[in-house]
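Read the structure below first, then the notes.
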Amino acid sequence: MHTDPSISVEGLRQRYGDFEAVAGISFEVAAGELFALLGTNGAGKTTTLETLEGHRAAHAGTVRVLGRDPHRERRAVRPRIGIMLQEGGFFADLTVAETVDHWRGFTPAPRDRDEAVALAGLSDKAGVRVRQLSGGQKRRLDLALALLGRPAVLFLDEPTTGMDPEARRTTWKIVQEVVADGTTVLLTTHYLEEAEHLADRLAILHRGRIETSGTVEEVVAGYGDRITFHMPDHLQVAELPELRGARPDMTVTGGRAVAVYTVNGSGLQAGLYDLLRWADEERVRLDGLEARSASLEDVFLRTAEGADR
């Protein structure tokens, strides 16, 4: 059965004077889906998020959250969404429990205080003043407040900034549980591993435009697997073999010349076999040899580099 998307963006444009921060982007987020919006600094992520949250009207195009214009119909939309900003505003001398109680007063049908505190993994910090929390603990308190009203749509803006790896994984688990319960999540993050781990689909923004989008597998598929090794001192790039139709490039890493093959399709294993056979026949030592599948980081960097050319 078809259901309307929880978030719909069509031809969105946003300007700051003569600068166009968002240049006609379109995407949809289905109910119960986690969608990651990635991009370089200044790509337009925060402006897009602020528009979806209802803080600014679209200069052009249409934006809908739960079927409504989040700016013009903010009174109807706001009680049904949760927002976790990059930096939360807390009263430093209130305890965690008092902070949750304070926010419960502004939230329709809020979760029980103890439930909200436990959801963020802060039960043992309930009596601790906010100013005594670590940066990561404050971020988890932000998340607890964003989830206080059991939102249908949750906006997470860099949710794990300042967290150590263990706290980040705990937060991922919380977010996954929220999505499993049917909440739609729009995530921005600079941690590409986070997007790979959590996102059902994603889009990469650069200079206000979506350069690529889809599932992680779809986005990564067109960027090829890679075989790399340090260039042997006595060889030039032109003397290296072709591997299943792939010719090598050369880059410099850590002051050393590195040969790079980008192998498409299922050619990684076969290409590596051909390379090792060639090296054995030619008695060439391949120091620093690595073979790995393409990653979201590869796509992100190459998208940004390609768009700048």
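Identifiers for the structure tokens are assigned positionally: chains receive A, B, ... in sequence, residues are indexed from 1 per chain, and ligands are indexed from 1 in the order shown.
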
Would you pick out the contacts of Leu198 (chain A) at 8 Å or less, using only C-alpha atoms, so that residues sharing its chain but fewer than 4 positions from it are not included, and give the list as a list in words?
Leu34, Trp172, Gln176 and Glu194 of chain A

Backbone-only DSSP, strand (DSSP E or B) members of region 37-153 of chain A, as a list of chain:residue names
A:Leu37, A:Leu38, A:Gly39, A:Ala60, A:Gly61, A:Thr62, A:Val63, A:Arg64, A:Val65, A:Arg68, A:Ile81, A:Gly82, A:Ile83, A:Met84, A:Thr95, A:Arg129, A:Val153

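Taking only C-alpha atoms, the non-local environment of region 285-292 of chain A within 7 Å (same-chain residues fewer than 6 positions away omitted) comprises Asp225, Arg226, Ile227, Thr228, Phe229, His230 and Ala279 of chain A.
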
Dump as a Markdown table the rows for residues of region 172-233 of chain A within 12 Å of region 40-48 of chain A: closest atom pair and distance in Å with one decimal, only C-alpha atoms counted, ordered by chain and rising residue number.
```
| residue | atom | partner | partner_atom | distance |
| --- | --- | --- | --- | --- |
| A:Leu186 | CA | A:Thr48 | CA | 10.8 |
| A:Leu187 | CA | A:Lys45 | CA | 9.8 |
| A:Thr188 | CA | A:Lys45 | CA | 7.2 |
| A:Thr189 | CA | A:Lys45 | CA | 9.5 |
| A:His190 | CA | A:Thr40 | CA | 8.2 |
| A:Tyr191 | CA | A:Thr40 | CA | 11.5 |
| A:Leu192 | CA | A:Thr40 | CA | 11.5 |
| A:Ala203 | CA | A:Lys45 | CA | 10.3 |
| A:Ile204 | CA | A:Thr40 | CA | 8.6 |
| A:Leu205 | CA | A:Ala43 | CA | 5.6 |
| A:His206 | CA | A:Ala43 | CA | 4.7 |
| A:Arg207 | CA | A:Ala43 | CA | 4.5 |
| A:Gly208 | CA | A:Gly44 | CA | 5.1 |
| A:Arg209 | CA | A:Ala43 | CA | 7.7 |
| A:Ile210 | CA | A:Ala43 | CA | 9.2 |
| A:Glu211 | CA | A:Ala43 | CA | 10.7 |
```

Identify, on the basis of only C-alpha atoms, every residue whose closest approach to Phe90 (chain A) does not exceed 9 Å; exclude the query and any residue fewer than 5 positions from it along the same chain; express the result as a ChimeraX atom specification.
/A:99,130-131,138

Where in region 36-224 of chain A does DSSP assign alpha helix (DSSP H), given as a ChimeraX atom specification?
/A:45-52,74-77,96-104,113-119,135-146,165-180,192-198,216-221

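Distances here use only C-alpha atoms; by that measure, the residue among A:Leu296, A:Met84, A:Ala57, A:Ala270 closest to Thr215 (chain A) is A:Leu296.
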
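Minimum atom-to-atom distance to Pro248 (chain A), evaluated using only C-alpha atoms, belongs to A:Leu275 out of A:Leu275, A:Ala118, A:Val220, A:Ala126.
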
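Nearest residue to Glu218 (chain A) among A:Arg277, A:Phe35, A:Thr107, A:Val299 is A:Val299, counting only C-alpha atoms.
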
Please determine, counting only C-alpha atoms, which residue among A:Asp124, A:Gly255, A:Leu272, A:Glu20 has the shortest atom-to-atom distance to Pro241 (chain A).
A:Leu272

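You will find CA of Leu133 (chain A) at 19.3 Å from CA of Ile174 (chain A).
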